[in-house]
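Enquirer: Have a look at this one.
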Amino acid sequence: MKLLKLVSVDPVDRGSQRCRLGPQLMSALGLSVGSPLLVPVPMGTCLCTAWPRHDLAEGFLQVDLKCSSSGLMSHPPTHLNLDPGQLTPVPCLKLNRIKITVVVQSFEFKKHTPYRLVHELVKDMLKGVYVHEKYVVNLEDFDTEIIYVVIENTSPDSACAGFITSKTGVEIAGIQTVQHYRSHLQDQHKVPLGGLEEVSASLREMLVLPLLYPHTLRSLGVSCPRGVLLVGPPGVGKTLLVRTVVAEVGASLVVVRGPEVVGSRPGESEETLRAVFDRARAAAEEGPCVLFLDELDSLCPKRTGLSAPENRLVAQLLTLMDGMDQPDHFLIVGATNQPDSLDVALRRPGRFDREVIIGAPTLLQRKDILSVLCKRMPVCPTVDMAELAQRTTGYVGADLSALCREAAMHALREKSKGSGEQAVDMKHFQEALKFVRPSCLRTSLGRTDPSLITWDQIGGLDEVKLKLRQSIEWPMRHPEAFVRLGLCRPHGVLLYGPPGCAKTTLVRAAATSAHFSFLSVTGADLYSPYVGDSEKALAQLFRQARACAPCILFLDEIDSLIGSRSNSQTPSSVQTRLLSVLLNEMDGVGLKMLERRGTEKILQAEGAEENQTQEQLEFQEVCNKDVMLVAATNRPGCLDSALIRPGRLDQLIYVPPPDPQSRLAILRVCTKSMPVGADVCLEELVAKTELYSGADLENLCKEAALLALQENMEAKKKELITINQQWKPVKELELVKSMTK
Amino acid sequence: MSKPALTQLHQALRKSFQSLENSQTLWRSVLSECSPLLVSLGNLAEQSRALSNVQISNTPLRIFPDLEERLRFKLLQETDTVLGKLNEKMSSLQSARDAISNQVSAVSQLYEQNADSLDLLTVSERSATAPSIADMLEWLQDAERHYRQQFLRRKALLQTLRADNLSLLESAPKRWESLESSSAEDNITDILCKVSFFMES
């Protein structure tokens with residue numbers, strides 16, 4: 001049969017419960033004019049009466065949604081093609097009694113209108129309407145305060161659909177406001193939330209406890225906490241958390257965004273704020289209610305000066321929070337990412353009683369979030385969530401969802417090219433990782449583009465490589481072994497040695513292989529003409545590095561960056577102050593409150609039956625919480641002695657100028673892409689290049705290639721002919737070497 | 001094809017449209033009587049507000065004992081009288097509405113009884129002089145719905161007035177005016193024009 005095209009309803013038919021069909025279809029379905037039928041559409045079903053179209057055309061369908069299932073209220077169907085076979089005529093008897101819930105526009109109306117009047121009005125409105133059990137009747141066309149009527153049940157029970165006459169008894173089970181009703185409708189579309197179980201549990205407890213055990217709490221004489229402050233960096237899911245918890249509990253949510261409240265006229269902002277609190281209070285009378293103040297820092301900055309307009313707003317909020325008389329059902333939740341800029345008066349018990357800190361997600365939390373995000377995506381079984389979680393240090397929830405989206409987009413692009421597979425693969429995630437970078441590092445100072453270097457690209461230096469791997473990679477890869485031996489990972493590594501011996505490259509290779517986040521700072525980032533600015537920048541750098549731990553913080557040329565207290569002429573220069581900041585950050589008293597991440601976990605002996613990977617992940621989460629400082633210098637004598645004591649930079653690794661074997665390896669690496677003549681003997685070259693550093697050797701090859709090019713520009717076969725005898729190793733090299741010995 | 005059923009239905013439709021026409025005139029006349037009452041209601045509300053704004057003890061009128069209470073009582077009494085009159089008008093509006101409703105439901109019932117003998121072709125058949133039965137049923141329903149809506153809105157407006165909410169009382173005449181929808185009223189006149197040949201035949 002030909003499909004029916006769903007067209008929007010005529011303005012004349014609005015509120016008439018009519019469904020316009022072609023007359024032939026009507027007779028095919030055995031319908032007479034005005035007989036009831038059910039129209040199923042994807043989001044729900046609608047009950048209406050069949051009428052022939054004015055133009056008697058076939059193939060179109062217009063439905064007035066006066067009585068439909070609740071899913072259709074928020075999502076009216078558009079642009080659909082329906083199979084005419086789905087339309088089903090229903091027998092409708094006259095109903096004896098119905099039980100309904102009335103949904104009204106405003107709380108005022110609910111409060112002031114007597115029950116008798118509502119009953120009278122509703123009865124008049126419902127007369128002549130075909131209704132179905134559990135469906136919603138839309139009464140908006142009457143233009144009164146009564147908007148919807150939800151049919152709870154009908155009698156006689158035999159028929160779930162029926163016709164209301166003037167003799168039908170109407171019983172009102174309850175009256176709700178439309179906000180309350182809509183918020184309950186939204187419950188059905190839950191947003192998934194991963195990795196925030198503890199926080200959401202505590203929030204849920206605060207909401208539900210006064211509802212479930214009001215007597216217990218009253219007998220204990222305690223008043224419930226009425227304010228929660230959520231603190232955390234942007235993108236960790238503060239807003240989502242509140243919405244999810246509210247939906248789970250079935251509370252209604254009143255959202256205030258900071259800028260929405262602020263008005264231009266004096267006194268306007270305060271008025272809006274009062275109105276918001278009134279709204280929340282009204283909603284609280286119907287059930288639990290959460291007043292959510294998003295971006296609280298913009299609403300309530302610190303009170304400064306005498307007559308700033310914000311001061312009045314802050315004062316108004318304070319008085320409103322103190323004046324709440326129904327603390328039981330009405331919880332205020334504030335969210336901010338700059339808690340320090342809030343007014344101090346807000347952060348005391350009685351106002352925001354609890355402060356919940358949500359940090360950047362830890363390894364296990366990231367795994368949870370990823371699995372929640374990937375639940376609705378067709379992900380290949382080969383994708384390892386744990387591996388992905390390890391690769392995404394420093395990513396917050398928003399970044400992870402961007403990552404998944406990007407990966408899905410890659411899969412989509414590949415599919416459109418015609419390879420035909422639907423699933424999102426690990427390689428798509430790897431592609432996406434290149435595009436989506438962690439947002440908590442986005443504004444950071446030392447953010448560097450990770451140019452990937454593998455260990456193989458560095459010739460020689462095997463001993464140094466091993467030491468570096470020991471101190472950086474092993475604690476990450478084998479935390480359980482470290483715990484077993486009672487080892488703790490080193491806090492810092494100092495690489496020293498003559499210039500040009502691949503110190504920087506070694507660090508880069510280490511960062512690449514361990515999948516850490518990698519921050520690198522130079523003097524240009526830190527120094528500033530303002531007093532105290534450099535120290536602040538360094539402290540900030542450490543804070544950010546800790547937020548996305550495990551993280552490598554690389555300070556190149558540390559001797560010039562950070563001074564020494566012993567031999568500097570001016571005792572309170574910038575360098576010395578920076579040094580003190582660095583010492584404190586590396587080995588200070590403790591972390592600031594705001595940097596808390598996840599819950600404090602301690603390794604426990606029991607729980608051995610857990611599977612291996614899970615256990616390893618937990619080990620990693622507990623053990624790798626720190627920032628590793630890696631510094632490089634070629635003047636280790638200039639460093640302050642406090643900095644190189646164990647506990648700070650505890651691994652001192654000497655990167656020597658290459659020995660003959662290393663030089664051979666370096667030359668091999670350097671000449672890999674060059675056409676080398678048959679008469680070139682690398683071993684001979686090695687013997688002649690005593691005290692050449694890695695950089696020197698690379699330059700040597702380059703020079704030789706240039707000479708070859710000079711001799712024969714056109715030659716296809718370029719030959720590395722002789723060693724350029726002009727090139728001598730740097731004199732200083734010997735000097736440095738003697739100094740460091 | 002059953003001729004008697006068709007003629008019976010036509011008869012009933014004619015009767016309904018006749019009654020619709022009568023009700024329409026009744027409705028209009030009652031409504032025109034309501035407007036002055038509403039205006040006086042708004043006026044009374046204004047007076048009450050003026051009374052609560054003035055401090056009688058500061059005026060020369062303070063020599064009259066209990067003046068404020070007395071005035072308030074008088075105003076309230078007057079408001080009550082006006083509301084009572086409005087209620088009477090409402091009941092005549094209701095009777096007009098009921099007349100239409102009864103006619104329409106009677107016609108629908110008659111159609112439903114004969115629905116088996118009348119196939120859709122007959123029902124949707126139009127001619128130069130007579131609209132189709134489906135159209136006429138639809139128009140009747142539309143008219144009935146219109147009057148029901150109008151009545152309900154006005155009733156809700158009057159019933160939600162409260163003596164302690166002066167601004168609600170003051171705005172009542174304006175809101176009453178705004179309920180008037182001339183286009184829907186014109187629609188009914190249109191309908192009556194469309195069926196005029198059918199009624200005369």
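Residue numbers start at 1 in each chain; chains themselves are named A, B, ... in the order of the structure tokens; ligands are numbered from 1 in the order shown.
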Show me, as a PyMOL selection string, the residues that have an atom within 10 Å of Ser108 in chain B when counting only C-alpha atoms, minus same-chain residues fewer than 2 positions from it.
Expert: (chain A and resi 33-34) or (chain B and resi 9+12-13+102-106+110-115+137-138+140-141)
Enquirer: Listing only residues of chain B within 10 Å of chain A, what is the closest atom pair and its distance in Å (to one decimal) for each, using only C-alpha atoms, sorted by chain and residue number ascending, as a Markdown table?
Expert:
```
| residue | atom | partner | partner_atom | distance |
| --- | --- | --- | --- | --- |
| B:Ser101 | CA | A:Gly128 | CA | 9.9 |
| B:Ser105 | CA | A:Gly128 | CA | 9.0 |
| B:Ser108 | CA | A:Gly34 | CA | 8.7 |
| B:Tyr111 | CA | A:Val33 | CA | 8.7 |
| B:Glu112 | CA | A:Ser32 | CA | 8.1 |
| B:Ala115 | CA | A:Ser32 | CA | 6.4 |
| B:Asp116 | CA | A:Ser32 | CA | 8.1 |
| B:Leu118 | CA | A:Ser32 | CA | 8.7 |
| B:Asp119 | CA | A:Ser32 | CA | 7.8 |
| B:Leu120 | CA | A:Ser27 | CA | 6.6 |
| B:Leu121 | CA | A:Pro23 | CA | 7.7 |
| B:Val123 | CA | A:Val33 | CA | 8.2 |
| B:Ser124 | CA | A:Pro52 | CA | 7.6 |
| B:Ile133 | CA | A:Val33 | CA | 9.5 |
| B:Ala134 | CA | A:Val33 | CA | 6.8 |
| B:Asp135 | CA | A:His54 | CA | 7.8 |
| B:Leu137 | CA | A:Val33 | CA | 8.9 |
| B:Glu138 | CA | A:Trp51 | CA | 8.5 |
| B:Gln141 | CA | A:Ser16 | CA | 8.5 |
| B:Asp142 | CA | A:Ser16 | CA | 7.8 |
| B:Arg145 | CA | A:Ser16 | CA | 7.9 |
| B:His146 | CA | A:Phe142 | CA | 9.5 |
| B:Arg148 | CA | A:Met125 | CA | 8.0 |
| B:Gln149 | CA | A:Phe142 | CA | 5.6 |
| B:Gln150 | CA | A:Phe142 | CA | 8.1 |
| B:Phe151 | CA | A:Asp124 | CA | 9.8 |
| B:Leu152 | CA | A:Leu121 | CA | 7.0 |
| B:Arg153 | CA | A:Thr144 | CA | 6.4 |
| B:Arg154 | CA | A:Thr144 | CA | 9.6 |
| B:Lys155 | CA | A:Leu121 | CA | 8.4 |
| B:Ala156 | CA | A:Thr144 | CA | 7.1 |
| B:Leu157 | CA | A:Thr144 | CA | 8.4 |
| B:Gln159 | CA | A:Leu117 | CA | 7.6 |
| B:Thr160 | CA | A:Thr113 | CA | 6.9 |
| B:Leu161 | CA | A:Thr113 | CA | 9.8 |
| B:Arg162 | CA | A:His112 | CA | 9.2 |
| B:Leu179 | CA | A:Asp143 | CA | 9.4 |
| B:Ala184 | CA | A:Val12 | CA | 9.7 |
```
Enquirer: Any chance you can output those residues with N, CA and C atoms as an mmCIF file, in the first residue's frame?
Expert:
```cif
data_model
loop_
_atom_site.group_PDB
_atom_site.id
_atom_site.type_symbol
_atom_site.label_atom_id
_atom_site.label_comp_id
_atom_site.auth_asym_id
_atom_site.auth_seq_id
_atom_site.Cartn_x
_atom_site.Cartn_y
_atom_site.Cartn_z
ATOM 1 N N SER B 101 -24.693 22.752 22.038
ATOM 2 C CA SER B 101 -24.088 21.454 22.339
ATOM 3 C C SER B 101 -25.094 20.334 22.158
ATOM 4 N N SER B 105 -24.741 17.334 19.493
ATOM 5 C CA SER B 105 -24.582 15.933 19.890
ATOM 6 C C SER B 105 -25.739 15.105 19.362
ATOM 7 N N SER B 108 -24.859 14.362 15.756
ATOM 8 C CA SER B 108 -23.793 13.361 15.650
ATOM 9 C C SER B 108 -24.323 11.978 15.968
ATOM 10 N N TYR B 111 -26.208 10.671 13.140
ATOM 11 C CA TYR B 111 -25.313 10.204 12.082
ATOM 12 C C TYR B 111 -24.711 8.857 12.454
ATOM 13 N N GLU B 112 -24.280 8.743 13.701
ATOM 14 C CA GLU B 112 -23.648 7.490 14.120
ATOM 15 C C GLU B 112 -24.604 6.320 13.990
ATOM 16 N N ALA B 115 -24.739 5.494 10.403
ATOM 17 C CA ALA B 115 -23.434 5.484 9.736
ATOM 18 C C ALA B 115 -23.295 4.273 8.816
ATOM 19 N N ASP B 116 -23.877 3.152 9.200
ATOM 20 C CA ASP B 116 -23.712 1.945 8.394
ATOM 21 C C ASP B 116 -24.399 2.078 7.043
ATOM 22 N N LEU B 118 -24.992 4.896 5.490
ATOM 23 C CA LEU B 118 -24.467 6.002 4.684
ATOM 24 C C LEU B 118 -23.006 5.726 4.378
ATOM 25 N N ASP B 119 -22.664 5.465 3.118
ATOM 26 C CA ASP B 119 -21.244 5.243 2.831
ATOM 27 C C ASP B 119 -20.526 6.585 2.671
ATOM 28 N N LEU B 120 -19.222 6.516 2.661
ATOM 29 C CA LEU B 120 -18.439 7.752 2.707
ATOM 30 C C LEU B 120 -18.639 8.609 1.469
ATOM 31 N N LEU B 121 -18.919 7.951 0.372
ATOM 32 C CA LEU B 121 -19.127 8.700 -0.861
ATOM 33 C C LEU B 121 -20.317 9.644 -0.708
ATOM 34 N N VAL B 123 -21.553 10.712 2.088
ATOM 35 C CA VAL B 123 -21.313 11.682 3.143
ATOM 36 C C VAL B 123 -20.441 12.838 2.637
ATOM 37 N N SER B 124 -19.513 12.503 1.750
ATOM 38 C CA SER B 124 -18.603 13.563 1.309
ATOM 39 C C SER B 124 -19.018 14.153 -0.028
ATOM 40 N N ILE B 133 -22.326 16.324 3.877
ATOM 41 C CA ILE B 133 -22.717 16.086 5.269
ATOM 42 C C ILE B 133 -21.498 16.178 6.185
ATOM 43 N N ALA B 134 -20.374 15.626 5.712
ATOM 44 C CA ALA B 134 -19.161 15.677 6.528
ATOM 45 C C ALA B 134 -18.772 17.112 6.842
ATOM 46 N N ASP B 135 -18.846 17.953 5.796
ATOM 47 C CA ASP B 135 -18.505 19.363 6.019
ATOM 48 C C ASP B 135 -19.416 19.986 7.053
ATOM 49 N N LEU B 137 -21.199 18.573 9.376
ATOM 50 C CA LEU B 137 -20.947 18.050 10.726
ATOM 51 C C LEU B 137 -19.725 18.727 11.334
ATOM 52 N N GLU B 138 -18.733 18.884 10.475
ATOM 53 C CA GLU B 138 -17.501 19.500 10.938
ATOM 54 C C GLU B 138 -17.760 20.941 11.388
ATOM 55 N N GLN B 141 -19.480 21.072 14.654
ATOM 56 C CA GLN B 141 -18.538 20.777 15.748
ATOM 57 C C GLN B 141 -17.641 21.965 16.046
ATOM 58 N N ASP B 142 -17.173 22.587 14.942
ATOM 59 C CA ASP B 142 -16.299 23.745 15.121
ATOM 60 C C ASP B 142 -17.014 24.839 15.902
ATOM 61 N N ARG B 145 -17.366 23.919 19.455
ATOM 62 C CA ARG B 145 -16.112 24.032 20.169
ATOM 63 C C ARG B 145 -15.782 25.496 20.463
ATOM 64 N N HIS B 146 -16.066 26.328 19.476
ATOM 65 C CA HIS B 146 -15.796 27.751 19.652
ATOM 66 C C HIS B 146 -16.575 28.309 20.840
ATOM 67 N N ARG B 148 -17.880 26.709 23.294
ATOM 68 C CA ARG B 148 -17.441 26.079 24.538
ATOM 69 C C ARG B 148 -16.155 26.750 25.043
ATOM 70 N N GLN B 149 -15.239 26.970 24.105
ATOM 71 C CA GLN B 149 -13.977 27.624 24.463
ATOM 72 C C GLN B 149 -14.208 29.011 25.024
ATOM 73 N N GLN B 150 -15.028 29.775 24.277
ATOM 74 C CA GLN B 150 -15.304 31.149 24.704
ATOM 75 C C GLN B 150 -15.903 31.172 26.097
ATOM 76 N N PHE B 151 -16.874 30.290 26.293
ATOM 77 C CA PHE B 151 -17.554 30.278 27.580
ATOM 78 C C PHE B 151 -16.584 29.921 28.706
ATOM 79 N N LEU B 152 -15.763 28.904 28.426
ATOM 80 C CA LEU B 152 -14.829 28.451 29.462
ATOM 81 C C LEU B 152 -13.824 29.529 29.817
ATOM 82 N N ARG B 153 -13.314 30.208 28.781
ATOM 83 C CA ARG B 153 -12.333 31.241 29.057
ATOM 84 C C ARG B 153 -12.934 32.332 29.918
ATOM 85 N N ARG B 154 -14.154 32.754 29.556
ATOM 86 C CA ARG B 154 -14.771 33.834 30.302
ATOM 87 C C ARG B 154 -15.090 33.392 31.729
ATOM 88 N N LYS B 155 -15.521 32.146 31.816
ATOM 89 C CA LYS B 155 -15.842 31.642 33.143
ATOM 90 C C LYS B 155 -14.581 31.577 34.003
ATOM 91 N N ALA B 156 -13.516 31.077 33.402
ATOM 92 C CA ALA B 156 -12.270 30.975 34.167
ATOM 93 C C ALA B 156 -11.811 32.346 34.608
ATOM 94 N N LEU B 157 -11.984 33.319 33.715
ATOM 95 C CA LEU B 157 -11.577 34.687 34.060
ATOM 96 C C LEU B 157 -12.365 35.184 35.273
ATOM 97 N N GLN B 159 -14.089 33.481 37.470
ATOM 98 C CA GLN B 159 -13.980 32.674 38.681
ATOM 99 C C GLN B 159 -12.653 32.865 39.389
ATOM 100 N N THR B 160 -11.629 33.261 38.637
ATOM 101 C CA THR B 160 -10.334 33.405 39.301
ATOM 102 C C THR B 160 -10.142 34.801 39.890
ATOM 103 N N LEU B 161 -11.142 35.690 39.733
ATOM 104 C CA LEU B 161 -11.026 37.013 40.362
ATOM 105 C C LEU B 161 -11.086 36.857 41.871
ATOM 106 N N ARG B 162 -10.235 37.631 42.559
ATOM 107 C CA ARG B 162 -10.285 37.596 44.017
ATOM 108 C C ARG B 162 -10.290 39.023 44.537
ATOM 109 N N LEU B 179 -10.460 38.466 25.022
ATOM 110 C CA LEU B 179 -10.979 37.126 24.737
ATOM 111 C C LEU B 179 -11.812 37.119 23.465
ATOM 112 N N ALA B 184 -12.979 34.136 14.735
ATOM 113 C CA ALA B 184 -13.753 32.922 14.970
ATOM 114 C C ALA B 184 -15.245 33.213 14.861
#
```
Enquirer: Which of these, A:Val129, A:Val521, A:Ala360, A:Ala705, has the shortest distance to Gly237 in chain A once you count only C-alpha atoms?
Expert: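 The answer is A:Ala360, which sits nearest to Gly237 in chain A.
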Enquirer: Find the residues near range 38-50 of chain B: any atom within 12 Å, counting only C-alpha atoms, skip ones fewer than 4 places away on the same chain, and give them as an MDAnalysis selection string.
Expert: chainID B and resid 31:34 54:56 68:87 89 154 157:158 161:177
Enquirer: Leaving out Ala159 in chain A and any residue of its chain fewer than 3 positions from it, which residues lie within 9 Å of it when counting only C-alpha atoms, given as a list in words?
Expert: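 Contacts, in chain order: Pro91, Cys92, Leu93, Leu95, His132, Glu133, Thr154, Ser155, Pro156 and Gly162 of chain A.
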Enquirer: Looking only at the backbone, which of the residues in range 622-662 of chain A does DSSP tag as alpha helix (DSSP H), as a ChimeraX atom specification?
Expert: /A:622-623,660-662
Enquirer: Could you jot down the CA of Arg663 in chain A to CA of Arg469 in chain A separation for me, Å, one decimal place?
Expert: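 Straight-line distance from CA of Arg663 in chain A to CA of Arg469 in chain A works out to 21.3 Å.
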Enquirer: Contacts of Val9 in chain A at 12 Å or less, counting only C-alpha atoms, minus same-chain residues fewer than 4 places along, as a PyMOL selection string?
Expert: chain A and resi 13-21+53+60-66+76-78
Enquirer: Could you give me, as a compact mmCIF listing (two decimals) with N, CA and C atoms, in the first residue's frame, the residues within 12 Å of Lys111 in chain A, counting only C-alpha atoms and dropping anything in the same chain fewer than 3 positions from it?
Expert:
```
# COMPACT_ATOMS: atom_id res chain seq x y z
N VAL A 104 -1.15 22.29 35.55
CA VAL A 104 -1.50 23.70 35.39
C VAL A 104 -0.25 24.51 35.11
N GLN A 105 -0.49 25.73 34.62
CA GLN A 105 0.62 26.57 34.18
C GLN A 105 1.46 27.07 35.35
N SER A 106 0.81 27.69 36.33
CA SER A 106 1.60 28.35 37.37
C SER A 106 1.24 27.81 38.75
N PHE A 107 2.19 27.99 39.62
CA PHE A 107 1.97 27.55 40.98
C PHE A 107 0.92 28.42 41.67
N GLU A 108 0.87 29.71 41.29
CA GLU A 108 -0.14 30.63 41.83
C GLU A 108 -1.54 30.06 41.67
N PRO A 114 -9.75 27.08 44.03
CA PRO A 114 -10.37 25.98 44.77
C PRO A 114 -10.53 24.73 43.90
N TYR A 115 -10.51 23.61 44.55
CA TYR A 115 -10.60 22.32 43.88
C TYR A 115 -11.88 22.24 43.04
N VAL A 118 -11.53 23.96 39.65
CA VAL A 118 -10.70 23.19 38.72
C VAL A 118 -11.50 22.01 38.17
N ILE A 175 -2.92 17.77 41.34
CA ILE A 175 -2.66 18.91 40.48
C ILE A 175 -1.17 19.18 40.51
N GLN A 176 -0.56 19.30 39.35
CA GLN A 176 0.88 19.56 39.27
C GLN A 176 1.12 20.81 38.45
N THR A 177 2.26 21.42 38.66
CA THR A 177 2.61 22.50 37.74
C THR A 177 3.33 21.90 36.55
N ALA A 282 8.45 27.50 45.24
CA ALA A 282 7.18 26.96 44.77
C ALA A 282 7.36 25.52 44.32
N ALA A 283 8.46 25.28 43.61
CA ALA A 283 8.70 23.92 43.14
C ALA A 283 8.95 22.98 44.30
N GLU A 285 7.53 22.91 47.04
CA GLU A 285 6.32 22.46 47.71
C GLU A 285 5.73 21.23 47.05
N GLU A 286 6.15 20.96 45.84
CA GLU A 286 5.60 19.80 45.15
C GLU A 286 6.49 18.57 45.30
N THR B 160 -11.63 33.26 38.64
CA THR B 160 -10.33 33.40 39.30
C THR B 160 -10.14 34.80 39.89
```
Enquirer: Report as a list of chain:residue names all protein, DNA and RNA residues lying within 10 Å of Met321 in chain A, evaluated on only C-alpha atoms, omitting residues in the same chain fewer than 6 positions from it.
Expert: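 Once the nearby chain positions are removed, what remains is A:Arg226, A:Gly227, A:Phe277, A:Ala315, A:Pro327, A:Ile332, A:Leu346, A:Gly350, A:Arg351, A:Phe352.
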Enquirer: Would you save the residues of that selection, restricted to N, CA and C atoms, as a PDB file, in the first residue's frame?
Expert:
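Final file, part38.pdb:
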```
ATOM      1  N   ARG A 226      21.989  22.374  53.311  1.00  0.00           N
ATOM      2  CA  ARG A 226      21.161  22.918  52.242  1.00  0.00           C
ATOM      3  C   ARG A 226      21.950  23.494  51.101  1.00  0.00           C
ATOM      4  N   GLY A 227      23.252  23.422  51.184  1.00  0.00           N
ATOM      5  CA  GLY A 227      24.027  23.966  50.076  1.00  0.00           C
ATOM      6  C   GLY A 227      25.227  23.089  49.770  1.00  0.00           C
ATOM      7  N   PHE A 277      14.438  32.451  43.466  1.00  0.00           N
ATOM      8  CA  PHE A 277      14.262  31.735  44.728  1.00  0.00           C
ATOM      9  C   PHE A 277      12.787  31.437  44.970  1.00  0.00           C
ATOM     10  N   ALA A 315      25.057  40.284  48.525  1.00  0.00           N
ATOM     11  CA  ALA A 315      24.340  40.426  49.787  1.00  0.00           C
ATOM     12  C   ALA A 315      22.944  39.839  49.675  1.00  0.00           C
ATOM     13  N   PRO A 327      14.205  24.102  54.381  1.00  0.00           N
ATOM     14  CA  PRO A 327      15.470  23.527  53.937  1.00  0.00           C
ATOM     15  C   PRO A 327      15.327  22.063  53.545  1.00  0.00           C
ATOM     16  N   ILE A 332      20.516  23.895  47.472  1.00  0.00           N
ATOM     17  CA  ILE A 332      21.181  24.815  46.551  1.00  0.00           C
ATOM     18  C   ILE A 332      22.510  24.209  46.136  1.00  0.00           C
ATOM     19  N   LEU A 346      30.116  33.233  51.474  1.00  0.00           N
ATOM     20  CA  LEU A 346      29.306  32.139  50.928  1.00  0.00           C
ATOM     21  C   LEU A 346      29.783  30.791  51.409  1.00  0.00           C
ATOM     22  N   GLY A 350      25.893  26.506  56.676  1.00  0.00           N
ATOM     23  CA  GLY A 350      24.679  27.309  56.708  1.00  0.00           C
ATOM     24  C   GLY A 350      24.375  27.894  55.360  1.00  0.00           C
ATOM     25  N   ARG A 351      25.412  28.159  54.610  1.00  0.00           N
ATOM     26  CA  ARG A 351      25.187  28.566  53.216  1.00  0.00           C
ATOM     27  C   ARG A 351      25.616  27.394  52.326  1.00  0.00           C
ATOM     28  N   PHE A 352      26.842  27.388  51.871  1.00  0.00           N
ATOM     29  CA  PHE A 352      27.290  26.183  51.182  1.00  0.00           C
ATOM     30  C   PHE A 352      27.979  25.292  52.204  1.00  0.00           C
TER      31      PHE A 352
END
```
Enquirer: I'd like the interatomic distance between CA of Met426 in chain A and CA of Asp456 in chain A, to a tenth of an Å.
Expert: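 CA of Met426 in chain A sits 24.4 Å away from CA of Asp456 in chain A.
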